[in-house]
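Visitor: This is the structure I have questions about; it appears just below.
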Amino acid sequence: MSTVAAVVIAGEEFEVTPERPFVFGRSDGEGVVGLDSSDMGISAIAGSVEWAWGLWWLVNHSRKRRLLLDDGTGGQAQRLECGQRFAINVGCLTVVVPGAIYTHRVEVVIPESDLARVEGSQITSGTLVAGDLRLSERDKDVLVAMFSGYLEAFPRRSTRPRTYQQAATLLGPPWTAVIVRKQIERLKERAARLEAYFEGPHANYDLADYLVANGLLVPDDLARLGGAR
């Protein structure tokens, strides 16, 4: 019989199976359970609970925030750095997700028969992001058009990137959706050479998080759009 785990957030329980991992982040989205859409301190994709190699794992998908793991024994919380994974070895593990506004808790409940039985550290490394990504003036024009919502003050703030076409329309001729996309792709290629990877369906969300968290895009950059935004 297939194993089943459970995740509890603010009293709401979610079933997790090997075929259906549980992904959590800042906002509700396709395949993502949101913790707080208004809290920019939480990554768009913060972490996941998933089944691999015959074990349940907690994976930190954030490129800017560590997760803290509380096994309920009263000891010091264990740090799970960006890109690392943890083989779950307790029946109830509390994942502490620090945000800019609140600290959020995700409880993971694992069947006794599926707990990791490995001696020593249960943490294994994954890809870590690093490097100083330098942006050209052209990069910044495109990025501000794509991610200006991340730079706005509440209540205008929006944590959803624009589409390439929307950004091109905002920038005006000679920009087109294709030119905007290619500019963003070249930036991601440069980032990858610095071991900062932005891939998959949520790549632009993660890129926005990275740029804002590292001060590469700041509210003053909104001036590039004039009154267009």
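By convention in this document, the chains of the structure tokens carry letters A, B, ... by their order, each chain's residues are numbered from 1, and ligands are numbered from 1 in the order they are shown.
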If you count only C-alpha atoms, which residues fall within 10 Å of A:His202, apart from same-chain ones fewer than 3 positions away, as a list in words?
Guide: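 So the residues in contact are Gly29, Glu30, Ala44, Ile45, Phe198, Glu199, Tyr205, Asp206 and Leu207 of chain A.
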Visitor: Kindly export the residues of the current selection with N, CA, C and O atoms, as a PDB file, in the first residue's frame.
Guide:
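Output file result-v8.pdb follows:
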```pdb
ATOM      1  N   GLY A  29      -1.031  29.271  -5.624  1.00  0.00           N
ATOM      2  CA  GLY A  29      -0.839  29.218  -7.070  1.00  0.00           C
ATOM      3  C   GLY A  29      -1.022  27.799  -7.535  1.00  0.00           C
ATOM      4  O   GLY A  29      -1.397  26.917  -6.755  1.00  0.00           O
ATOM      5  N   GLU A  30      -0.775  27.556  -8.792  1.00  0.00           N
ATOM      6  CA  GLU A  30      -0.930  26.204  -9.326  1.00  0.00           C
ATOM      7  C   GLU A  30       0.063  25.264  -8.646  1.00  0.00           C
ATOM      8  O   GLU A  30       1.266  25.389  -8.796  1.00  0.00           O
ATOM      9  N   ALA A  44       8.513  32.775  -3.170  1.00  0.00           N
ATOM     10  CA  ALA A  44       7.375  32.303  -3.956  1.00  0.00           C
ATOM     11  C   ALA A  44       7.225  30.788  -3.830  1.00  0.00           C
ATOM     12  O   ALA A  44       6.123  30.267  -3.668  1.00  0.00           O
ATOM     13  N   ILE A  45       8.342  30.069  -3.898  1.00  0.00           N
ATOM     14  CA  ILE A  45       8.380  28.638  -3.624  1.00  0.00           C
ATOM     15  C   ILE A  45       9.365  28.445  -2.479  1.00  0.00           C
ATOM     16  O   ILE A  45      10.577  28.527  -2.670  1.00  0.00           O
ATOM     17  N   PHE A 198      17.447  29.861 -12.211  1.00  0.00           N
ATOM     18  CA  PHE A 198      16.039  30.234 -12.264  1.00  0.00           C
ATOM     19  C   PHE A 198      15.403  29.455 -13.408  1.00  0.00           C
ATOM     20  O   PHE A 198      15.496  29.858 -14.575  1.00  0.00           O
ATOM     21  N   GLU A 199      14.778  28.349 -13.057  1.00  0.00           N
ATOM     22  CA  GLU A 199      14.261  27.414 -14.054  1.00  0.00           C
ATOM     23  C   GLU A 199      12.868  26.952 -13.661  1.00  0.00           C
ATOM     24  O   GLU A 199      12.468  27.060 -12.499  1.00  0.00           O
ATOM     25  N   TYR A 205       9.047  34.162 -10.855  1.00  0.00           N
ATOM     26  CA  TYR A 205       8.740  34.473  -9.453  1.00  0.00           C
ATOM     27  C   TYR A 205      10.025  34.417  -8.613  1.00  0.00           C
ATOM     28  O   TYR A 205      10.294  35.307  -7.795  1.00  0.00           O
ATOM     29  N   ASP A 206      10.809  33.348  -8.824  1.00  0.00           N
ATOM     30  CA  ASP A 206      12.037  33.186  -8.054  1.00  0.00           C
ATOM     31  C   ASP A 206      13.055  34.277  -8.400  1.00  0.00           C
ATOM     32  O   ASP A 206      13.789  34.760  -7.530  1.00  0.00           O
ATOM     33  N   LEU A 207      13.111  34.635  -9.690  1.00  0.00           N
ATOM     34  CA  LEU A 207      14.024  35.703 -10.108  1.00  0.00           C
ATOM     35  C   LEU A 207      13.653  37.017  -9.432  1.00  0.00           C
ATOM     36  O   LEU A 207      14.524  37.737  -8.938  1.00  0.00           O
TER      37      LEU A 207
END
```
Visitor: Near A:Gln165, within 10 Å and counting only C-alpha atoms, which residues show up once chain neighbours fewer than 6 positions away are dropped, as a ChimeraX atom specification?
Guide: /A:146,171,175-181
Visitor: What would the file look like if the residues just selected were written as a PDB file, in the first residue's frame with C-alpha atoms?
Guide:
```
ATOM      1  CA  MET A 146       8.273  42.805 -15.365  1.00  0.00           C
ATOM      2  CA  LEU A 171       7.976  49.729 -22.228  1.00  0.00           C
ATOM      3  CA  TRP A 175      10.120  46.391 -27.286  1.00  0.00           C
ATOM      4  CA  THR A 176       8.124  43.272 -28.133  1.00  0.00           C
ATOM      5  CA  ALA A 177       7.247  40.179 -26.097  1.00  0.00           C
ATOM      6  CA  VAL A 178       9.993  38.236 -27.900  1.00  0.00           C
ATOM      7  CA  ILE A 179      12.656  40.883 -27.175  1.00  0.00           C
ATOM      8  CA  VAL A 180      11.652  41.054 -23.506  1.00  0.00           C
ATOM      9  CA  ARG A 181      11.742  37.248 -23.178  1.00  0.00           C
TER      10      ARG A 181
END
```
Visitor: With only C-alpha atoms as the basis for distance, which of A:Thr159, A:Gln166, A:Thr103, A:Ser62 is at the shortest distance from A:Met40?
Guide: A:Thr159
Visitor: Rank A:Glu112, A:Asp209, A:Asp71, A:Glu107 by their smallest atom-to-atom distance to A:Thr3, using only C-alpha atoms, and report the top residue only.
Guide: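 Using only C-alpha atoms, the shortest distance to A:Thr3 belongs to A:Glu112.
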Visitor: Dump as CSV the rows for residues of stretch 67-186 of chain A within 12 Å of stretch 32-36 of chain A: closest atom pair and distance in Å with one decimal, only C-alpha atoms counted, ordered by chain and rising residue number.
Guide:
```
residue,atom,partner,partner_atom,distance
A:Val96,CA,A:Leu35,CA,11.5
A:Val97,CA,A:Leu35,CA,9.1
A:Pro98,CA,A:Leu35,CA,10.8
A:Gly99,CA,A:Asp36,CA,8.9
A:Ala100,CA,A:Asp36,CA,10.4
A:Ile101,CA,A:Asp36,CA,9.2
A:Tyr102,CA,A:Asp36,CA,8.9
A:Thr103,CA,A:Leu35,CA,9.9
A:His104,CA,A:Leu35,CA,7.2
A:Arg105,CA,A:Leu35,CA,9.0
A:Val106,CA,A:Leu35,CA,9.1
A:Thr159,CA,A:Asp36,CA,11.1
```
Visitor: Which residues come within 8 Å of stretch 134-139 of chain A, counting only C-alpha atoms, excluding same-chain residues fewer than 6 positions away, as a list of chain:residue names?
Guide: A:Gln183, A:Ile184, A:Leu187, A:Leu216
Visitor: Point out the residue among A:Asp28, A:Asp221, A:Glu12, A:Asp39 with the least atom-to-atom distance to A:Phe147, counting only C-alpha atoms.
Guide: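 Closest to A:Phe147, using only C-alpha atoms: A:Asp221.
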Visitor: Which polymer residues have any atom within 8 Å of an atom of A:Cys92, counting only C-alpha atoms, with same-chain residues fewer than 2 positions away left out, as a VMD selection string?
Guide: chain A and resid 71 to 72 90 94 107 to 110
Visitor: Which value, in Å to one decimal, gives the distance between atom CA of A:Val212 and atom CA of A:Phe22?
Guide: 25.9 Å
